[in-house]
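**Q** Contents of start.csv (CSV, C-alpha atoms) are given next:
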```csv
chain,number,residue,atom,x,y,z
Z,1,MET,CA,0.0,0.0,0.0
Z,2,VAL,CA,2.9,2.3,0.7
Z,3,ALA,CA,4.3,1.5,-2.8
Z,4,MET,CA,1.0,2.3,-4.3
Z,5,ALA,CA,0.7,5.6,-2.4
Z,6,ILE,CA,4.2,6.6,-3.7
Z,7,ARG,CA,3.1,5.7,-7.2
Z,8,GLN,CA,0.0,7.8,-6.9
Z,9,TYR,CA,1.8,10.9,-5.6
Z,10,ALA,CA,5.0,10.6,-7.5
Z,11,PRO,CA,3.9,12.6,-10.6
Z,12,ILE,CA,3.0,15.6,-8.4
Z,13,VAL,CA,6.0,15.3,-6.1
Z,14,THR,CA,8.5,14.9,-8.9
Z,15,VAL,CA,7.1,17.9,-10.8
Z,16,VAL,CA,7.4,20.0,-7.6
Z,17,PHE,CA,11.0,18.9,-7.3
Z,18,LEU,CA,11.6,19.6,-11.0
Z,19,LEU,CA,10.3,23.2,-10.5
Z,20,ILE,CA,12.5,23.6,-7.4
Z,21,SER,CA,15.6,22.4,-9.3
Z,22,VAL,CA,14.9,24.7,-12.2
Z,23,TRP,CA,14.4,27.6,-9.8
Z,24,LEU,CA,17.7,26.8,-8.0
Z,25,CYS,CA,19.6,26.6,-11.3
Z,26,VAL,CA,18.3,29.9,-12.4
Z,27,THR,CA,18.9,31.8,-9.2
Z,28,LEU,CA,22.2,30.3,-8.2
Z,29,TRP,CA,23.9,29.8,-11.6
Z,30,LYS,CA,25.6,33.2,-12.0
Z,31,ARG,CA,27.3,33.1,-8.6
Z,32,ALA,CA,28.0,29.4,-8.6
Z,33,GLY,CA,31.5,27.9,-9.0
Z,34,THR,CA,32.2,25.1,-11.5
Z,35,LEU,CA,31.6,22.3,-9.1
Z,36,SER,CA,28.3,23.9,-7.9
Z,37,ARG,CA,27.2,24.3,-11.5
Z,38,VAL,CA,27.9,20.6,-12.2
Z,39,LEU,CA,25.9,19.7,-9.2
Z,40,LEU,CA,23.0,22.0,-10.1
Z,41,GLY,CA,23.1,20.5,-13.6
Z,42,MET,CA,23.1,17.0,-12.4
Z,43,GLY,CA,20.3,17.8,-10.0
Z,44,LEU,CA,18.2,19.2,-12.8
Z,45,VAL,CA,18.8,16.1,-15.0
Z,46,LEU,CA,17.9,13.8,-12.1
Z,47,ALA,CA,14.7,15.8,-11.3
Z,48,SER,CA,13.7,15.8,-15.0
Z,49,PHE,CA,14.3,12.1,-15.3
Z,50,SER,CA,12.2,11.4,-12.2
Z,51,ALA,CA,9.4,13.6,-13.4
Z,52,VAL,CA,9.3,11.8,-16.8
Z,53,MET,CA,9.7,8.3,-15.4
Z,54,SER,CA,6.9,8.8,-12.8
Z,55,ARG,CA,4.6,9.3,-15.7
Z,56,ILE,CA,5.5,6.3,-17.6
Z,57,ASP,CA,5.1,2.7,-16.7
Z,58,TYR,CA,8.3,1.0,-17.9
Z,59,PHE,CA,6.7,-2.4,-17.8
Z,60,GLU,CA,4.2,-1.2,-20.3
Z,61,TRP,CA,6.9,-0.6,-22.9
Z,62,MET,CA,9.0,-3.6,-22.0
Z,63,PHE,CA,6.2,-6.1,-22.6
Z,64,HIS,CA,4.7,-5.3,-25.9
Z,65,PRO,CA,0.9,-5.3,-25.8
Z,66,LEU,CA,-0.9,-6.6,-28.8
Z,67,PRO,CA,-3.0,-3.6,-29.9
Z,68,SER,CA,-5.6,-5.2,-32.1
Z,69,PRO,CA,-5.5,-9.0,-32.2
Z,70,GLY,CA,-5.9,-10.5,-35.7
Z,71,PHE,CA,-7.0,-14.1,-36.4
Z,72,GLU,CA,-6.5,-16.8,-38.9
Z,73,SER,CA,-8.8,-19.7,-39.5
Z,74,ALA,CA,-7.8,-23.1,-38.2
Z,75,ALA,CA,-7.4,-24.4,-41.7
Z,76,ASN,CA,-5.0,-21.7,-42.9
Z,77,VAL,CA,-2.8,-21.0,-39.9
Z,78,LYS,CA,0.7,-22.5,-39.9
Z,79,LEU,CA,1.3,-23.9,-36.4
Z,80,ASP,CA,3.1,-27.0,-35.3
Z,81,PRO,CA,0.5,-29.6,-34.3
Z,82,GLN,CA,2.3,-30.1,-30.9
Z,83,GLN,CA,2.4,-26.4,-30.0
Z,84,MET,CA,0.3,-25.7,-27.0
Z,85,VAL,CA,-2.6,-23.2,-27.2
Z,86,MET,CA,-5.0,-21.7,-24.7
Z,87,ALA,CA,-8.5,-22.4,-26.0
Z,88,VAL,CA,-11.8,-20.9,-25.3
Z,89,ARG,CA,-15.3,-21.5,-26.6
Z,90,PHE,CA,-18.3,-19.2,-26.4
Z,91,GLY,CA,-21.4,-20.6,-28.1
Z,92,THR,CA,-20.3,-21.7,-31.5
Z,93,GLU,CA,-17.1,-19.6,-31.6
Z,94,ALA,CA,-13.9,-21.3,-30.7
Z,95,ARG,CA,-10.6,-19.4,-30.4
Z,96,ALA,CA,-7.1,-20.5,-29.7
Z,97,TYR,CA,-4.2,-18.4,-28.4
Z,98,PRO,CA,-0.8,-20.0,-29.0
Z,99,ILE,CA,1.2,-20.1,-25.8
Z,100,ARG,CA,4.3,-19.0,-27.7
Z,101,ALA,CA,2.7,-15.7,-28.6
Z,102,MET,CA,1.0,-15.3,-25.2
Z,103,ALA,CA,4.4,-15.8,-23.4
Z,104,TYR,CA,5.6,-12.7,-25.3
Z,105,HIS,CA,2.6,-10.4,-25.2
Z,106,HIS,CA,1.2,-11.6,-21.8
Z,107,VAL,CA,-2.1,-9.8,-22.2
Z,108,VAL,CA,-4.5,-9.9,-25.1
Z,109,ASN,CA,-7.9,-8.0,-25.0
Z,110,ASP,CA,-10.4,-9.8,-27.2
Z,111,VAL,CA,-14.1,-10.2,-27.9
Z,112,VAL,CA,-15.4,-13.7,-28.6
Z,113,SER,CA,-19.0,-14.1,-29.7
Z,114,GLY,CA,-19.8,-10.7,-28.3
Z,115,THR,CA,-18.2,-11.4,-24.9
Z,116,PRO,CA,-15.1,-9.2,-24.1
Z,117,ILE,CA,-12.4,-11.2,-22.5
Z,118,VAL,CA,-8.8,-10.7,-21.5
Z,119,VAL,CA,-6.4,-13.6,-22.1
Z,120,THR,CA,-3.4,-13.6,-19.8
Z,121,TYR,CA,-0.2,-15.7,-19.6
W,1,MET,CA,-8.5,-15.8,-18.7
W,2,TRP,CA,-11.3,-13.4,-17.5
W,3,LYS,CA,-14.4,-11.7,-18.7
W,4,ARG,CA,-13.4,-8.0,-18.8
W,5,VAL,CA,-16.8,-6.3,-18.3
W,6,VAL,CA,-17.4,-4.8,-14.9
W,7,ASP,CA,-20.6,-2.8,-14.2
W,8,GLY,CA,-21.5,-3.0,-17.8
W,9,LYS,CA,-18.2,-1.3,-18.9
W,10,ALA,CA,-15.7,-3.2,-21.0
W,11,LEU,CA,-12.1,-2.7,-19.6
W,12,THR,CA,-8.9,-2.7,-21.7
W,13,PHE,CA,-6.0,-4.2,-19.9
W,14,ARG,CA,-2.3,-3.6,-20.1
W,15,LEU,CA,0.6,-5.3,-18.3
W,16,ALA,CA,1.7,-3.0,-15.6
W,17,GLY,CA,4.1,-4.8,-13.3
W,18,ILE,CA,5.5,-8.2,-12.3
W,19,ASN,CA,5.0,-9.6,-8.8
W,20,ASN,CA,7.0,-12.8,-8.2
W,21,GLN,CA,6.4,-14.1,-11.8
W,22,ASN,CA,2.7,-13.3,-11.7
W,23,PHE,CA,1.7,-10.0,-13.0
W,24,LEU,CA,-0.4,-6.9,-12.3
W,25,MET,CA,-2.4,-5.3,-15.0
W,26,ARG,CA,-4.0,-1.9,-15.3
W,27,ASP,CA,-7.2,-1.0,-17.1
W,28,GLU,CA,-7.1,2.0,-19.3
W,29,GLU,CA,-10.6,3.1,-18.5
W,30,THR,CA,-10.2,3.6,-14.7
W,31,GLY,CA,-6.5,3.1,-14.0
W,32,THR,CA,-7.2,0.4,-11.5
W,33,TRP,CA,-4.5,-2.2,-10.8
W,34,TRP,CA,-5.6,-5.9,-11.0
W,35,GLN,CA,-3.9,-9.1,-10.0
W,36,GLN,CA,-3.5,-11.6,-12.9
W,37,VAL,CA,-3.7,-14.7,-10.8
W,38,SER,CA,-6.9,-13.9,-8.9
W,39,GLY,CA,-8.6,-11.3,-11.1
W,40,LYS,CA,-8.9,-9.0,-8.0
W,41,ALA,CA,-8.6,-5.2,-8.2
W,42,LEU,CA,-6.0,-4.3,-5.7
W,43,PHE,CA,-5.7,-0.6,-6.0
W,44,GLY,CA,-7.7,2.2,-7.7
W,45,PRO,CA,-11.3,3.2,-8.3
W,46,MET,CA,-12.4,-0.4,-8.7
W,47,GLN,CA,-10.6,-1.8,-5.7
W,48,GLY,CA,-12.2,-4.9,-4.3
W,49,ARG,CA,-13.9,-5.9,-7.5
W,50,VAL,CA,-13.2,-9.3,-8.9
W,51,LEU,CA,-13.2,-10.3,-12.6
W,52,GLU,CA,-15.4,-13.2,-13.7
W,53,PRO,CA,-13.2,-16.2,-14.7
W,54,VAL,CA,-13.5,-17.9,-18.1
W,55,ILE,CA,-12.8,-21.6,-18.4
W,56,SER,CA,-10.1,-22.2,-20.9
W,57,ASP,CA,-8.2,-25.3,-21.9
W,58,GLU,CA,-4.5,-25.9,-22.6
W,59,LEU,CA,-4.4,-28.2,-25.6
W,60,THR,CA,-2.1,-29.1,-28.4
W,61,PHE,CA,-3.0,-27.3,-31.5
W,62,ALA,CA,-3.7,-30.6,-33.2
W,63,GLN,CA,-6.3,-31.5,-30.5
W,64,TRP,CA,-7.9,-28.1,-30.6
W,65,LYS,CA,-8.1,-28.1,-34.4
W,66,GLN,CA,-9.7,-31.6,-34.4
W,67,GLU,CA,-12.4,-30.4,-32.0
W,68,ALA,CA,-12.9,-26.9,-33.6
W,69,PRO,CA,-12.0,-27.2,-37.3
W,70,GLN,CA,-13.9,-23.9,-37.9
W,71,GLY,CA,-12.2,-22.1,-35.1
W,72,GLN,CA,-9.9,-19.1,-35.2
W,73,VAL,CA,-6.3,-18.8,-34.1
W,74,LEU,CA,-4.6,-15.6,-32.8
W,75,ALA,CA,-2.3,-14.5,-35.7
W,76,PRO,CA,1.3,-13.7,-34.8
W,77,SER,CA,2.0,-10.0,-34.6
W,78,GLN,CA,3.8,-8.8,-37.8
W,79,ASN,CA,6.1,-6.6,-35.7
W,80,TYR,CA,7.0,-9.0,-33.0
W,81,GLN,CA,6.8,-12.5,-34.2
W,82,ALA,CA,10.5,-12.8,-34.8
W,83,LYS,CA,10.9,-12.3,-31.1
W,84,TYR,CA,8.7,-15.2,-30.0
W,85,GLU,CA,10.8,-17.8,-28.3
W,86,ASP,CA,10.4,-21.5,-28.4
W,87,ASP,CA,12.5,-22.0,-25.4
W,88,TRP,CA,10.6,-19.6,-23.2
W,89,GLU,CA,9.7,-22.2,-20.7
W,90,PRO,CA,13.1,-23.8,-20.2
W,91,GLU,CA,14.6,-20.4,-19.9
W,92,VAL,CA,12.1,-19.2,-17.3
W,93,GLY,CA,12.7,-22.6,-15.5
W,94,LYS,CA,16.2,-21.5,-14.9
W,95,LEU,CA,15.3,-18.4,-13.0
W,96,PRO,CA,15.6,-18.5,-9.3
W,97,THR,CA,12.3,-18.4,-7.4
W,98,THR,CA,12.0,-15.9,-4.6
W,99,ILE,CA,9.8,-18.2,-2.6
W,100,ASP,CA,10.4,-21.8,-1.7
W,101,PHE,CA,8.4,-24.2,0.3
W,102,PRO,CA,10.7,-26.8,1.8
W,103,GLY,CA,9.1,-29.8,3.3
W,104,SER,CA,6.2,-29.8,0.9
W,105,GLY,CA,7.7,-32.7,-1.1
W,106,LEU,CA,7.5,-30.7,-4.3
W,107,LYS,CA,10.2,-28.6,-5.8
W,108,SER,CA,9.4,-24.9,-6.5
W,109,ARG,CA,9.4,-25.4,-10.3
W,110,ASP,CA,7.5,-28.7,-10.4
W,111,VAL,CA,4.5,-28.2,-12.6
W,112,ILE,CA,1.1,-28.8,-11.0
W,113,LEU,CA,-2.5,-28.6,-12.0
W,114,GLY,CA,-4.3,-26.5,-9.5
W,115,ILE,CA,-8.0,-26.9,-8.7
W,116,GLU,CA,-10.0,-24.8,-6.4
W,117,ARG,CA,-13.6,-25.7,-5.5
W,118,ASN,CA,-15.7,-24.0,-2.8
W,119,GLY,CA,-12.7,-22.3,-1.3
W,120,VAL,CA,-10.7,-25.6,-1.0
W,121,SER,CA,-7.5,-25.9,-3.1
W,122,ARG,CA,-5.6,-28.9,-4.3
W,123,ALA,CA,-2.5,-29.3,-6.4
W,124,TYR,CA,-2.0,-32.3,-8.8
W,125,PRO,CA,1.6,-32.9,-9.9
W,126,LEU,CA,1.6,-32.9,-13.7
W,127,GLU,CA,3.6,-36.1,-13.9
W,128,THR,CA,1.1,-37.9,-11.7
W,129,VAL,CA,-1.8,-36.7,-13.8
W,130,LEU,CA,-0.1,-37.8,-17.1
W,131,ALA,CA,0.7,-41.2,-15.6
W,132,GLN,CA,-2.6,-41.9,-13.9
W,133,SER,CA,-5.3,-40.2,-15.9
W,134,PRO,CA,-8.3,-40.4,-15.4
W,135,ILE,CA,-7.9,-39.1,-11.8
W,136,GLN,CA,-11.0,-39.1,-9.7
W,137,ASP,CA,-11.0,-37.0,-6.6
W,138,ARG,CA,-13.1,-34.9,-4.3
W,139,VAL,CA,-12.3,-31.2,-3.7
W,140,GLY,CA,-14.3,-28.9,-1.5
W,141,GLY,CA,-17.1,-31.5,-1.5
W,142,ASP,CA,-17.2,-31.7,-5.3
W,143,PRO,CA,-16.4,-35.0,-7.1
W,144,ILE,CA,-14.0,-34.2,-9.9
W,145,VAL,CA,-12.1,-36.0,-12.6
W,146,LEU,CA,-8.9,-34.9,-14.4
W,147,LEU,CA,-8.4,-36.1,-18.0
W,148,VAL,CA,-5.4,-36.2,-20.3
W,149,GLY,CA,-6.2,-36.1,-24.0
W,150,PRO,CA,-5.3,-38.7,-26.6
W,151,ASP,CA,-2.2,-36.7,-27.4
W,152,LYS,CA,-1.0,-37.2,-23.8
W,153,LYS,CA,-0.5,-33.5,-23.4
W,154,SER,CA,-3.9,-31.7,-23.5
W,155,LEU,CA,-5.6,-31.4,-20.1
W,156,ARG,CA,-9.1,-30.9,-18.8
W,157,ALA,CA,-11.0,-31.3,-15.6
W,158,PHE,CA,-14.7,-31.8,-15.0
W,159,ARG,CA,-17.2,-32.1,-12.2
W,160,SER,CA,-17.8,-35.8,-12.3
W,161,SER,CA,-21.5,-36.0,-11.5
W,162,LEU,CA,-24.6,-36.0,-13.6
W,163,GLU,CA,-28.1,-35.2,-12.2
W,164,ALA,CA,-26.8,-35.5,-8.7
W,165,LYS,CA,-25.3,-39.0,-9.3
W,166,ASN,CA,-21.5,-39.4,-9.3
W,167,VAL,CA,-19.9,-40.6,-12.5
W,168,GLU,CA,-16.7,-42.5,-12.1
W,169,LEU,CA,-14.5,-42.8,-15.1
W,170,PHE,CA,-11.8,-45.4,-15.6
W,171,ARG,CA,-9.6,-46.5,-18.4
W,172,THR,CA,-9.8,-49.8,-20.2
W,173,GLY,CA,-7.1,-49.9,-22.8
W,174,GLU,CA,-7.5,-46.7,-24.7
W,175,GLN,CA,-11.2,-46.3,-23.8
W,176,LEU,CA,-12.7,-44.1,-21.1
W,177,VAL,CA,-15.7,-45.8,-19.6
W,178,ASP,CA,-17.9,-45.6,-16.5
W,179,SER,CA,-19.8,-48.1,-14.4
W,180,SER,CA,-22.9,-47.7,-16.5
W,181,GLY,CA,-21.0,-49.0,-19.5
W,182,SER,CA,-21.0,-45.7,-21.3
W,183,SER,CA,-17.9,-44.5,-23.3
W,184,TRP,CA,-16.6,-41.1,-22.7
W,185,ASP,CA,-14.4,-38.7,-24.8
W,186,PHE,CA,-11.9,-36.0,-23.9
W,187,LYS,CA,-14.7,-33.4,-24.1
W,188,GLY,CA,-16.3,-35.0,-21.1
W,189,CYS,CA,-19.2,-36.3,-23.2
W,190,ALA,CA,-20.6,-39.8,-23.3
W,191,THR,CA,-20.3,-41.0,-26.9
W,192,ALA,CA,-22.0,-44.4,-26.4
W,193,GLY,CA,-24.0,-46.3,-23.9
W,194,PRO,CA,-26.9,-45.4,-21.5
W,195,LEU,CA,-25.5,-41.9,-20.9
W,196,GLN,CA,-24.8,-41.1,-24.5
W,197,GLY,CA,-25.1,-37.4,-25.4
W,198,LYS,CA,-24.7,-36.2,-21.9
W,199,CYS,CA,-21.7,-34.1,-20.9
W,200,LEU,CA,-19.9,-33.4,-17.7
W,201,GLU,CA,-19.5,-29.8,-16.5
W,202,GLN,CA,-16.0,-28.5,-17.2
W,203,ILE,CA,-14.2,-26.8,-14.4
W,204,ALA,CA,-11.2,-24.5,-14.3
W,205,ILE,CA,-7.7,-25.8,-13.8
W,206,LEU,CA,-4.5,-23.8,-13.5
W,207,LYS,CA,-1.3,-25.2,-14.9
W,208,ASP,CA,1.3,-23.5,-12.7
W,209,TYR,CA,4.6,-23.9,-10.9
W,210,TRP,CA,4.2,-25.3,-7.4
W,211,PHE,CA,5.7,-22.3,-5.7
W,212,ASP,CA,3.3,-19.9,-7.4
W,213,TRP,CA,0.2,-22.0,-6.7
W,214,ARG,CA,1.3,-22.5,-3.1
W,215,ASN,CA,2.0,-18.8,-2.7
W,216,TYR,CA,-1.6,-17.9,-3.6
W,217,HIS,CA,-3.3,-20.9,-2.0
W,218,HIS,CA,-1.8,-21.1,1.4
W,219,ASP,CA,-3.9,-24.0,2.5
W,220,THR,CA,-3.6,-26.1,-0.6
W,221,SER,CA,-3.3,-29.9,-0.3
W,222,ILE,CA,-1.3,-32.0,-2.7
W,223,TYR,CA,-2.6,-35.1,-4.5
W,224,ARG,CA,-0.3,-37.9,-3.7
W,225,HIS,CA,-0.9,-41.4,-5.0
```
In structure tokens, how does this file's structure come out?

**A**
Amino acid sequence: MVAMAIRQYAPIVTVVFLLISVWLCVTLWKRAGTLSRVLLGMGLVLASFSAVMSRIDYFEWMFHPLPSPGFESAANVKLDPQQMVMAVRFGTEARAYPIRAMAYHHVVNDVVSGTPIVVTY
Amino acid sequence: MWKRVVDGKALTFRLAGINNQNFLMRDEETGTWWQQVSGKALFGPMQGRVLEPVISDELTFAQWKQEAPQGQVLAPSQNYQAKYEDDWEPEVGKLPTTIDFPGSGLKSRDVILGIERNGVSRAYPLETVLAQSPIQDRVGGDPIVLLVGPDKKSLRAFRSSLEAKNVELFRTGEQLVDSSGSSWDFKGCATAGPLQGKCLEQIAILKDYWFDWRNYHHDTSIYRH
């Protein structure tokens, strides 16, 4: 729950820190020595990085979601007969999701016979 | 696999994080975080809600195609299919597990079939199921049967009762029969005999690593025969 709270407030908090870093850079730059400028610069980079990363979920890029799943008929698809699939049936519609693809994409949002489902692996 | 409609709204899920080799997903519509293994919303506007599970099978493509020749198969993504790995499972199998359960008699990466009925959980070691199918058992008060398909790889489980009477399946040679003399197929339907045309209700099984099943089902028993 602490981790979730941090996630929830991170975007605001990191923006605040970013603004503080920018302000510090601007006000202190002229009178700062080289070392201080380096530190100010690094602080600004770090604050920017945190602000950006708190808005992005890295996992969401790392594991590529399948935006709109396409399908092939059982007769046409080229799949090894021994390959494992996750299979679902709604009414007369039968769909198979090859495990090899699911192990890569992990999440597929689909609609089978009018029923929206999420396939996970 | 889950139905993704909650309160009449269809949710679109994205992978959002990994927790001990299970994952968390987030829906785009409300930003709620959901747990893959249980379908529960852990954090966000829909916290506390649970997705409705969908029964799915793990079958060989050949078995599935034989049963559903008109079916559809997820097409590989044009952009990513070169990255699909055949050795995904052996590679994952080498990863250390963060949780171990010594003394359980099973190794963390042993594959089990997990069944939960009426709040009671039981794990069936895959090797045992493959060797002893059909396996008749009772979980949470329900009589159940686990079946391995003719290809010796596809797996299903059913509630083994019809009209309040227990159905006990056993193997004679390659045939699956019951005490009424009816023959049964891998779909859980009687193809001949007095019960011909009747089908058993399919139930959900989870093929999982022992450590993961045990982590989410603290009181699970293990089938040992």

**Q** Could I get the residues of chain Z with an atom no further than 7 Å from an atom of chain W, each paired with its nearest atom pair and that distance in Å to one decimal, using all atoms listed in the file, sorted by chain and residue number, as a Markdown table?

**A**
```
| residue | atom | partner | partner_atom | distance |
| --- | --- | --- | --- | --- |
| Z:Asp57 | CA | W:Ala16 | CA | 6.7 |
| Z:Phe59 | CA | W:Ala16 | CA | 5.5 |
| Z:Glu60 | CA | W:Ala16 | CA | 5.6 |
| Z:Pro65 | CA | W:Arg14 | CA | 6.8 |
| Z:Pro69 | CA | W:Leu74 | CA | 6.7 |
| Z:Gly70 | CA | W:Ala75 | CA | 5.4 |
| Z:Phe71 | CA | W:Leu74 | CA | 4.6 |
| Z:Glu72 | CA | W:Val73 | CA | 5.2 |
| Z:Ser73 | CA | W:Gln72 | CA | 4.5 |
| Z:Ala74 | CA | W:Gln72 | CA | 5.4 |
| Z:Ala75 | CA | W:Pro69 | CA | 7.0 |
| Z:Pro81 | CA | W:Ala62 | CA | 4.5 |
| Z:Gln82 | CA | W:Thr60 | CA | 5.2 |
| Z:Gln83 | CA | W:Thr60 | CA | 5.5 |
| Z:Met84 | CA | W:Thr60 | CA | 4.4 |
| Z:Val85 | CA | W:Leu59 | CA | 5.5 |
| Z:Met86 | CA | W:Glu58 | CA | 4.7 |
| Z:Ala87 | CA | W:Asp57 | CA | 5.0 |
| Z:Val88 | CA | W:Ser56 | CA | 4.9 |
| Z:Glu93 | CA | W:Gly71 | CA | 6.5 |
| Z:Ala94 | CA | W:Gly71 | CA | 4.8 |
| Z:Arg95 | CA | W:Gln72 | CA | 4.9 |
| Z:Ala96 | CA | W:Val73 | CA | 4.8 |
| Z:Tyr97 | CA | W:Leu74 | CA | 5.2 |
| Z:Pro98 | CA | W:Leu74 | CA | 6.9 |
| Z:Arg100 | CA | W:Tyr84 | CA | 6.3 |
| Z:Ala101 | CA | W:Tyr84 | CA | 6.2 |
| Z:Tyr104 | CA | W:Tyr84 | CA | 6.2 |
| Z:Val107 | CA | W:Leu15 | CA | 6.5 |
| Z:Asn109 | CA | W:Thr12 | CA | 6.3 |
| Z:Pro116 | CA | W:Arg4 | CA | 5.7 |
| Z:Ile117 | CA | W:Lys3 | CA | 4.3 |
| Z:Val118 | CA | W:Trp2 | CA | 5.4 |
| Z:Val119 | CA | W:Met1 | CA | 4.6 |
| Z:Thr120 | CA | W:Met1 | CA | 5.7 |
```

**Q** Residues at most 10 Å from Asn118 in chain W, counting only C-alpha atoms, excluding those fewer than 6 positions away in the same chain, as a ChimeraX atom specification?

**A** /W:139-142

**Q** Give me, please, the distance in Å between CA of Ser183 in chain W and CA of Pro143 in chain W, quoted to one decimal.

**A** 18.8 Å

**Q** Nearest residue to Arg37 in chain Z out of Z:Ile12, Z:Val108, Z:Cys25, Z:Ala103, using only C-alpha atoms?

**A** Z:Cys25

**Q** Nearest residue to Ile56 in chain Z out of Z:Arg7, Z:Arg89, Z:Lys78, Z:Arg31, using all atoms listed in the file?

**A**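 Closest to Ile56 in chain Z of all the choices is Z:Arg7.
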
**Q** Record the distance separating CA of Leu79 in chain Z and CA of Val148 in chain W, expressed in Å with one decimal.

**A**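 Those two atoms sit 21.3 Å apart.
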
**Q** Rounded to one decimal place, report the CA of Ile112 in chain W-CA of Thr128 in chain W distance in Å.

**A** 9.1 Å
